[in-house]
$ cat protein25.pdb   # PDB, C-alpha atoms, pLDDT in the B column
MODEL        1
ATOM      1  CA  GLN A1139       0.554  18.099  13.305  1.00 84.00           C
ATOM      2  CA  VAL A1140      -0.608  15.262  15.502  1.00 92.00           C
ATOM      3  CA  SER A1141       1.821  12.489  16.386  1.00 96.00           C
ATOM      4  CA  LEU A1142       0.517   8.919  16.072  1.00 98.00           C
ATOM      5  CA  VAL A1143       2.478   5.999  17.495  1.00 97.00           C
ATOM      6  CA  GLU A1144       1.438   2.447  16.709  1.00 97.00           C
ATOM      7  CA  SER A1145       2.407  -0.569  18.758  1.00 98.00           C
ATOM      8  CA  GLY A1146       1.378  -4.153  19.333  1.00 98.00           C
ATOM      9  CA  GLY A1147       2.487  -5.779  16.121  1.00 98.00           C
ATOM     10  CA  GLY A1148       4.302  -9.076  16.051  1.00 98.00           C
ATOM     11  CA  SER A1149       4.383 -12.615  14.703  1.00 98.00           C
ATOM     12  CA  VAL A1150       1.577 -15.099  15.285  1.00 98.00           C
ATOM     13  CA  HIS A1151       0.309 -18.370  13.872  1.00 98.00           C
ATOM     14  CA  PRO A1152      -2.919 -18.571  11.895  1.00 98.00           C
ATOM     15  CA  GLY A1153      -5.867 -18.377  14.254  1.00 98.00           C
ATOM     16  CA  GLY A1154      -3.950 -16.234  16.719  1.00 98.00           C
ATOM     17  CA  SER A1155      -4.753 -12.769  18.024  1.00 98.00           C
ATOM     18  CA  LEU A1156      -3.049  -9.421  18.366  1.00 98.00           C
ATOM     19  CA  ARG A1157      -4.152  -6.039  19.642  1.00 98.00           C
ATOM     20  CA  LEU A1158      -2.720  -2.965  17.986  1.00 98.00           C
ATOM     21  CA  SER A1159      -2.645   0.412  19.687  1.00 98.00           C
ATOM     22  CA  CYS A1160      -2.417   3.887  18.193  1.00 98.00           C
ATOM     23  CA  ALA A1161      -1.529   6.561  20.718  1.00 98.00           C
ATOM     24  CA  ALA A1162      -2.258  10.122  19.619  1.00 97.00           C
ATOM     25  CA  SER A1163      -0.532  13.229  20.928  1.00 97.00           C
ATOM     26  CA  GLU A1164      -3.827  15.084  21.210  1.00 95.00           C
ATOM     27  CA  ASN A1165      -7.490  14.518  21.933  1.00 95.00           C
ATOM     28  CA  ILE A1166      -8.741  11.880  19.511  1.00 96.00           C
ATOM     29  CA  PHE A1167     -12.174  13.509  19.476  1.00 95.00           C
ATOM     30  CA  ASN A1168     -10.611  16.435  17.619  1.00 93.00           C
ATOM     31  CA  PHE A1169     -10.633  14.249  14.509  1.00 95.00           C
ATOM     32  CA  ASN A1170     -13.488  13.434  12.160  1.00 96.00           C
ATOM     33  CA  ASP A1171     -12.372   9.856  12.227  1.00 97.00           C
ATOM     34  CA  MET A1172      -9.485   7.561  12.991  1.00 98.00           C
ATOM     35  CA  ALA A1173      -8.682   4.469  11.024  1.00 98.00           C
ATOM     36  CA  TRP A1174      -6.390   1.524  10.563  1.00 98.00           C
ATOM     37  CA  PHE A1175      -4.913   0.800   7.154  1.00 98.00           C
ATOM     38  CA  ARG A1176      -2.560  -1.948   6.075  1.00 98.00           C
ATOM     39  CA  GLN A1177      -0.099  -2.481   3.277  1.00 98.00           C
ATOM     40  CA  ALA A1178       1.202  -5.862   2.243  1.00 97.00           C
ATOM     41  CA  PRO A1179       4.356  -6.231   0.120  1.00 92.00           C
ATOM     42  CA  GLY A1180       3.660  -5.313  -3.482  1.00 95.00           C
ATOM     43  CA  LYS A1181       0.125  -4.175  -2.728  1.00 97.00           C
ATOM     44  CA  GLN A1182      -1.605  -0.858  -2.262  1.00 97.00           C
ATOM     45  CA  ARG A1183      -2.468   0.451   1.164  1.00 98.00           C
ATOM     46  CA  GLU A1184      -6.013  -0.524   2.075  1.00 98.00           C
ATOM     47  CA  LEU A1185      -8.516   0.557   4.688  1.00 98.00           C
ATOM     48  CA  VAL A1186      -9.083  -2.048   7.380  1.00 98.00           C
ATOM     49  CA  ALA A1187     -11.339  -0.332   9.899  1.00 98.00           C
ATOM     50  CA  SER A1188     -12.434   3.147  10.899  1.00 98.00           C
ATOM     51  CA  ILE A1189     -14.283   4.819  13.727  1.00 98.00           C
ATOM     52  CA  ASN A1190     -15.791   8.284  13.460  1.00 96.00           C
ATOM     53  CA  VAL A1191     -16.186  10.921  16.121  1.00 96.00           C
ATOM     54  CA  GLY A1192     -19.715   9.697  16.820  1.00 96.00           C
ATOM     55  CA  GLY A1193     -18.514   6.162  17.433  1.00 95.00           C
ATOM     56  CA  ARG A1194     -19.665   4.539  14.231  1.00 98.00           C
ATOM     57  CA  SER A1195     -17.274   1.875  13.016  1.00 98.00           C
ATOM     58  CA  ASP A1196     -16.796   0.396   9.559  1.00 98.00           C
ATOM     59  CA  TYR A1197     -14.759  -2.571   8.389  1.00 98.00           C
ATOM     60  CA  ALA A1198     -13.335  -4.008   5.217  1.00 98.00           C
ATOM     61  CA  ASP A1199     -15.251  -7.098   4.176  1.00 98.00           C
ATOM     62  CA  SER A1200     -12.128  -9.202   4.591  1.00 98.00           C
ATOM     63  CA  VAL A1201     -11.917  -8.504   8.334  1.00 98.00           C
ATOM     64  CA  LYS A1202     -15.588  -8.270   9.364  1.00 98.00           C
ATOM     65  CA  GLY A1203     -16.308 -10.541  12.286  1.00 98.00           C
ATOM     66  CA  ARG A1204     -12.611 -10.942  13.097  1.00 98.00           C
ATOM     67  CA  PHE A1205     -11.319  -7.420  13.795  1.00 98.00           C
ATOM     68  CA  THR A1206     -12.725  -4.822  16.184  1.00 98.00           C
ATOM     69  CA  ILE A1207     -11.806  -1.156  16.323  1.00 98.00           C
ATOM     70  CA  SER A1208     -12.278   0.712  19.588  1.00 98.00           C
ATOM     71  CA  ARG A1209     -11.015   3.782  21.379  1.00 98.00           C
ATOM     72  CA  ASP A1210     -10.252   5.137  24.821  1.00 97.00           C
ATOM     73  CA  GLY A1211     -10.509   8.896  25.010  1.00 96.00           C
ATOM     74  CA  SER A1212      -8.944   9.006  28.469  1.00 97.00           C
ATOM     75  CA  VAL A1213      -5.609   7.938  26.974  1.00 97.00           C
ATOM     76  CA  ASN A1214      -6.160   9.228  23.423  1.00 97.00           C
ATOM     77  CA  THR A1215      -5.685   5.768  21.983  1.00 98.00           C
ATOM     78  CA  VAL A1216      -7.411   3.778  19.263  1.00 98.00           C
ATOM     79  CA  TYR A1217      -7.148   0.007  19.221  1.00 98.00           C
ATOM     80  CA  LEU A1218      -7.517  -2.745  16.674  1.00 98.00           C
ATOM     81  CA  GLN A1219      -8.289  -6.130  18.152  1.00 98.00           C
ATOM     82  CA  MET A1220      -7.457  -8.778  15.583  1.00 98.00           C
ATOM     83  CA  ASP A1221      -8.701 -12.305  16.140  1.00 98.00           C
ATOM     84  CA  ASN A1222      -8.577 -15.453  14.031  1.00 98.00           C
ATOM     85  CA  LEU A1223      -5.686 -14.036  12.054  1.00 98.00           C
ATOM     86  CA  ARG A1224      -4.991 -15.406   8.612  1.00 98.00           C
ATOM     87  CA  LEU A1225      -1.877 -15.611   6.476  1.00 97.00           C
ATOM     88  CA  GLU A1226      -3.282 -12.878   4.249  1.00 97.00           C
ATOM     89  CA  ASP A1227      -3.469 -10.444   7.180  1.00 98.00           C
ATOM     90  CA  THR A1228       0.314 -10.133   7.055  1.00 98.00           C
ATOM     91  CA  ALA A1229       1.129  -6.468   6.430  1.00 98.00           C
ATOM     92  CA  ILE A1230       2.363  -3.261   7.943  1.00 98.00           C
ATOM     93  CA  TYR A1231      -0.541  -1.664   9.810  1.00 98.00           C
ATOM     94  CA  PHE A1232      -0.834   2.101   9.900  1.00 98.00           C
ATOM     95  CA  CYS A1233      -2.976   4.408  11.998  1.00 98.00           C
ATOM     96  CA  ARG A1234      -4.517   7.480  10.388  1.00 98.00           C
ATOM     97  CA  ALA A1235      -6.223  10.492  11.946  1.00 98.00           C
ATOM     98  CA  ARG A1236      -8.319  12.717   9.698  1.00 96.00           C
ATOM     99  CA  ILE A1237      -9.744  16.230  10.023  1.00 93.00           C
ATOM    100  CA  LEU A1238     -11.727  17.110   6.884  1.00 91.00           C
ATOM    101  CA  SER A1239      -9.212  16.626   4.055  1.00 90.00           C
ATOM    102  CA  ARG A1240      -6.116  16.586   6.238  1.00 94.00           C
ATOM    103  CA  SER A1241      -4.662  13.273   7.338  1.00 96.00           C
ATOM    104  CA  SER A1242      -1.865  12.331   9.665  1.00 97.00           C
ATOM    105  CA  TRP A1243      -0.205   8.920   9.702  1.00 98.00           C
ATOM    106  CA  GLY A1244       1.791   6.855  12.114  1.00 98.00           C
ATOM    107  CA  GLN A1245       4.983   5.019  11.243  1.00 97.00           C
ATOM    108  CA  GLY A1246       3.331   1.599  11.097  1.00 98.00           C
ATOM    109  CA  THR A1247       3.688  -1.673  12.934  1.00 98.00           C
ATOM    110  CA  GLN A1248       4.452  -5.040  11.335  1.00 98.00           C
ATOM    111  CA  VAL A1249       2.018  -7.921  11.668  1.00 98.00           C
ATOM    112  CA  THR A1250       3.204 -11.288  10.426  1.00 98.00           C
ATOM    113  CA  VAL A1251       0.978 -14.358  10.335  1.00 98.00           C
ATOM    114  CA  SER A1252       2.846 -17.522   9.465  1.00 97.00           C
ATOM    115  CA  SER A1253       2.597 -21.222  10.057  1.00 95.00           C
TER     116      SER A1253
ENDMDL
END

$ encode --input "protein25.pdb" --output "structure tokens"
Amino acid sequence: QVSLVESGGGSVHPGGSLRLSCAASENIFNFNDMAWFRQAPGKQRELVASINVGGRSDYADSVKGRFTISRDGSVNTVYLQMDNLRLEDTAIYFCRARILSRSSWGQGTQVTVSS
């Protein structure tokens, strides 16, 4: 079972930026894809962005043009650069690694956007 550790969360004002990191305990290219999800209070967990082993990335409509997912295989880390943050981006952000139907999750990192 892979270990995923998220970091980089915090509190920012609207329009601010944060970069989240997800450090994996094994080679990230072992996985079919890695993704960032988020869960706001009282809401279901939703997919924010994903990147597959080939490098293709996909984004939720709500974050397109503002968030960027990337990876660094030399340190087995996936990143989520979040720019122009909005109040509605407030949530716990989770990293997920997937091999076929098996998924592993990190513990999450809190992102709070407030004025």

$ closest_residue --input "protein25.pdb" --among "A:Arg1194, A:Tyr1231, A:Thr1215, A:Glu1226" --to "Ser1141 of chain A" --atoms "all atoms listed in the file"
A:Thr1215

$ resolve_selection --input "protein25.pdb" --expression "the PyMOL selection byres ((chain A and resi 1170) around 12)" --output "VMD selection string"
chain A and resid 1165 to 1169 1171 to 1173 1188 to 1194 1234 to 1242

$ closest_residue --input "protein25.pdb" --among "A:Met1220, A:Ala1229, A:Leu1142, A:Val1249" --to "Ser1208 of chain A" --atoms "only C-alpha atoms"
A:Met1220

$ residues_around --input "protein25.pdb" --residues "Lys1181 of chain A" --least-positions-apart "2" --cutoff "12 Å" --atoms "only C-alpha atoms" --output "ChimeraX atom specification"
/A:1176-1179,1183-1184,1226,1228-1230

$ write_last_selection --input "protein25.pdb" --atoms "C-alpha atoms" --output "short mmCIF file (atom, residue, chain, number, x, y, z; two decimals), in the coordinates of the input"
data_model
loop_
_atom_site.label_atom_id
_atom_site.label_comp_id
_atom_site.auth_asym_id
_atom_site.auth_seq_id
_atom_site.Cartn_x
_atom_site.Cartn_y
_atom_site.Cartn_z
CA ARG A 1176 -2.56 -1.95 6.08
CA GLN A 1177 -0.10 -2.48 3.28
CA ALA A 1178 1.20 -5.86 2.24
CA PRO A 1179 4.36 -6.23 0.12
CA ARG A 1183 -2.47 0.45 1.16
CA GLU A 1184 -6.01 -0.52 2.08
CA GLU A 1226 -3.28 -12.88 4.25
CA THR A 1228 0.31 -10.13 7.06
CA ALA A 1229 1.13 -6.47 6.43
CA ILE A 1230 2.36 -3.26 7.94
#

$ resolve_selection --input "protein25.pdb" --expression "the PyMOL selection byres ((chain A and resi 1156) around 10)" --output "NGL selection string"
:A and (1146-1150 or 1154-1155 or 1157-1159 or 1205 or 1218-1223 or 1249)

$ resolve_selection --input "protein25.pdb" --expression "the PyMOL selection byres ((chain A and resi 1232) around 6)" --output "list of chain:residue names"
A:Trp1174, A:Phe1175, A:Arg1176, A:Tyr1231, A:Cys1233, A:Gly1244, A:Gly1246

$ write_last_selection --input "protein25.pdb" --atoms "C-alpha atoms" --output "mmCIF file, in the coordinates of the input"
data_model
loop_
_atom_site.group_PDB
_atom_site.id
_atom_site.type_symbol
_atom_site.label_atom_id
_atom_site.label_comp_id
_atom_site.auth_asym_id
_atom_site.auth_seq_id
_atom_site.Cartn_x
_atom_site.Cartn_y
_atom_site.Cartn_z
ATOM 1 C CA TRP A 1174 -6.390 1.524 10.563
ATOM 2 C CA PHE A 1175 -4.913 0.800 7.154
ATOM 3 C CA ARG A 1176 -2.560 -1.948 6.075
ATOM 4 C CA TYR A 1231 -0.541 -1.664 9.810
ATOM 5 C CA CYS A 1233 -2.976 4.408 11.998
ATOM 6 C CA GLY A 1244 1.791 6.855 12.114
ATOM 7 C CA GLY A 1246 3.331 1.599 11.097
#

$ atom_distance --input "protein25.pdb" --atom1 "atom CA of Val1213 of chain A" --atom2 "atom CA of Ala1161 of chain A"
7.6 Å

$ residues_around --input "protein25.pdb" --residues "Leu1225 of chain A" --least-positions-apart "2" --cutoff "6 Å" --atoms "only C-alpha atoms" --output "CSV table (one decimal) with C-alpha atoms, keeping the file's coordinate frame"
chain,number,residue,atom,x,y,z
A,1227,ASP,CA,-3.5,-10.4,7.2
A,1228,THR,CA,0.3,-10.1,7.1
A,1251,VAL,CA,1.0,-14.4,10.3
A,1252,SER,CA,2.8,-17.5,9.5

$ atom_distance --input "protein25.pdb" --atom1 "atom CA of Gly1211 of chain A" --atom2 "atom CA of Ser1145 of chain A"
17.2 Å

$ closest_residue --input "protein25.pdb" --among "A:Thr1250, A:Ser1195, A:Gln1139, A:Gln1182" --to "Pro1152 of chain A" --atoms "all atoms listed in the file"
A:Thr1250

$ axis_aligned_box --input "protein25.pdb" --around "segment 1227-1236 of chain A" --padding-each-side "3 Å" --output "AutoDock Vina command-line options"
--center_x -3.0 --center_y 1.1 --center_z 9.2 --size_x 16.7 --size_y 29.2 --size_z 11.6

$ atom_distance --input "protein25.pdb" --atom1 "atom CA of Cys1160 of chain A" --atom2 "atom CA of Val1140 of chain A"
11.8 Å

$ closest_residue --input "protein25.pdb" --among "A:Ala1162, A:Leu1185, A:Gly1153, A:Arg1224" --to "Arg1209 of chain A" --atoms "only C-alpha atoms"
A:Ala1162

$ build_atoms --input "protein25.pdb" --residues "segment 1199-1213 of chain A" --atoms "N, CA and C atoms" --output "CSV table (one decimal), keeping the file's coordinate frame"
chain,number,residue,atom,x,y,z
A,1199,ASP,N,-14.6,-5.8,4.2
A,1199,ASP,CA,-15.3,-7.1,4.2
A,1199,ASP,C,-14.3,-8.2,4.6
A,1200,SER,N,-13.1,-8.1,4.3
A,1200,SER,CA,-12.1,-9.2,4.6
A,1200,SER,C,-11.9,-9.4,6.1
A,1201,VAL,N,-12.2,-8.4,6.9
A,1201,VAL,CA,-11.9,-8.5,8.3
A,1201,VAL,C,-13.2,-8.5,9.2
A,1202,LYS,N,-14.3,-8.3,8.6
A,1202,LYS,CA,-15.6,-8.3,9.4
A,1202,LYS,C,-15.8,-9.6,10.2
A,1203,GLY,N,-16.1,-9.4,11.4
A,1203,GLY,CA,-16.3,-10.5,12.3
A,1203,GLY,C,-15.0,-11.0,12.9
A,1204,ARG,N,-13.9,-10.5,12.5
A,1204,ARG,CA,-12.6,-10.9,13.1
A,1204,ARG,C,-11.9,-9.8,13.8
A,1205,PHE,N,-12.0,-8.6,13.2
A,1205,PHE,CA,-11.3,-7.4,13.8
A,1205,PHE,C,-12.3,-6.5,14.5
A,1206,THR,N,-11.9,-5.8,15.5
A,1206,THR,CA,-12.7,-4.8,16.2
A,1206,THR,C,-11.9,-3.6,16.5
A,1207,ILE,N,-12.4,-2.4,16.0
A,1207,ILE,CA,-11.8,-1.2,16.3
A,1207,ILE,C,-12.5,-0.5,17.5
A,1208,SER,N,-11.7,0.1,18.4
A,1208,SER,CA,-12.3,0.7,19.6
A,1208,SER,C,-11.4,1.9,20.0
A,1209,ARG,N,-11.8,2.6,21.0
A,1209,ARG,CA,-11.0,3.8,21.4
A,1209,ARG,C,-11.2,4.0,22.9
A,1210,ASP,N,-10.2,4.7,23.4
A,1210,ASP,CA,-10.3,5.1,24.8
A,1210,ASP,C,-9.8,6.6,24.9
A,1211,GLY,N,-10.8,7.5,25.0
A,1211,GLY,CA,-10.5,8.9,25.0
A,1211,GLY,C,-9.7,9.3,26.2
A,1212,SER,N,-9.7,8.6,27.3
A,1212,SER,CA,-8.9,9.0,28.5
A,1212,SER,C,-7.4,8.9,28.2
A,1213,VAL,N,-7.0,8.1,27.3
A,1213,VAL,CA,-5.6,7.9,27.0
A,1213,VAL,C,-5.3,8.2,25.5
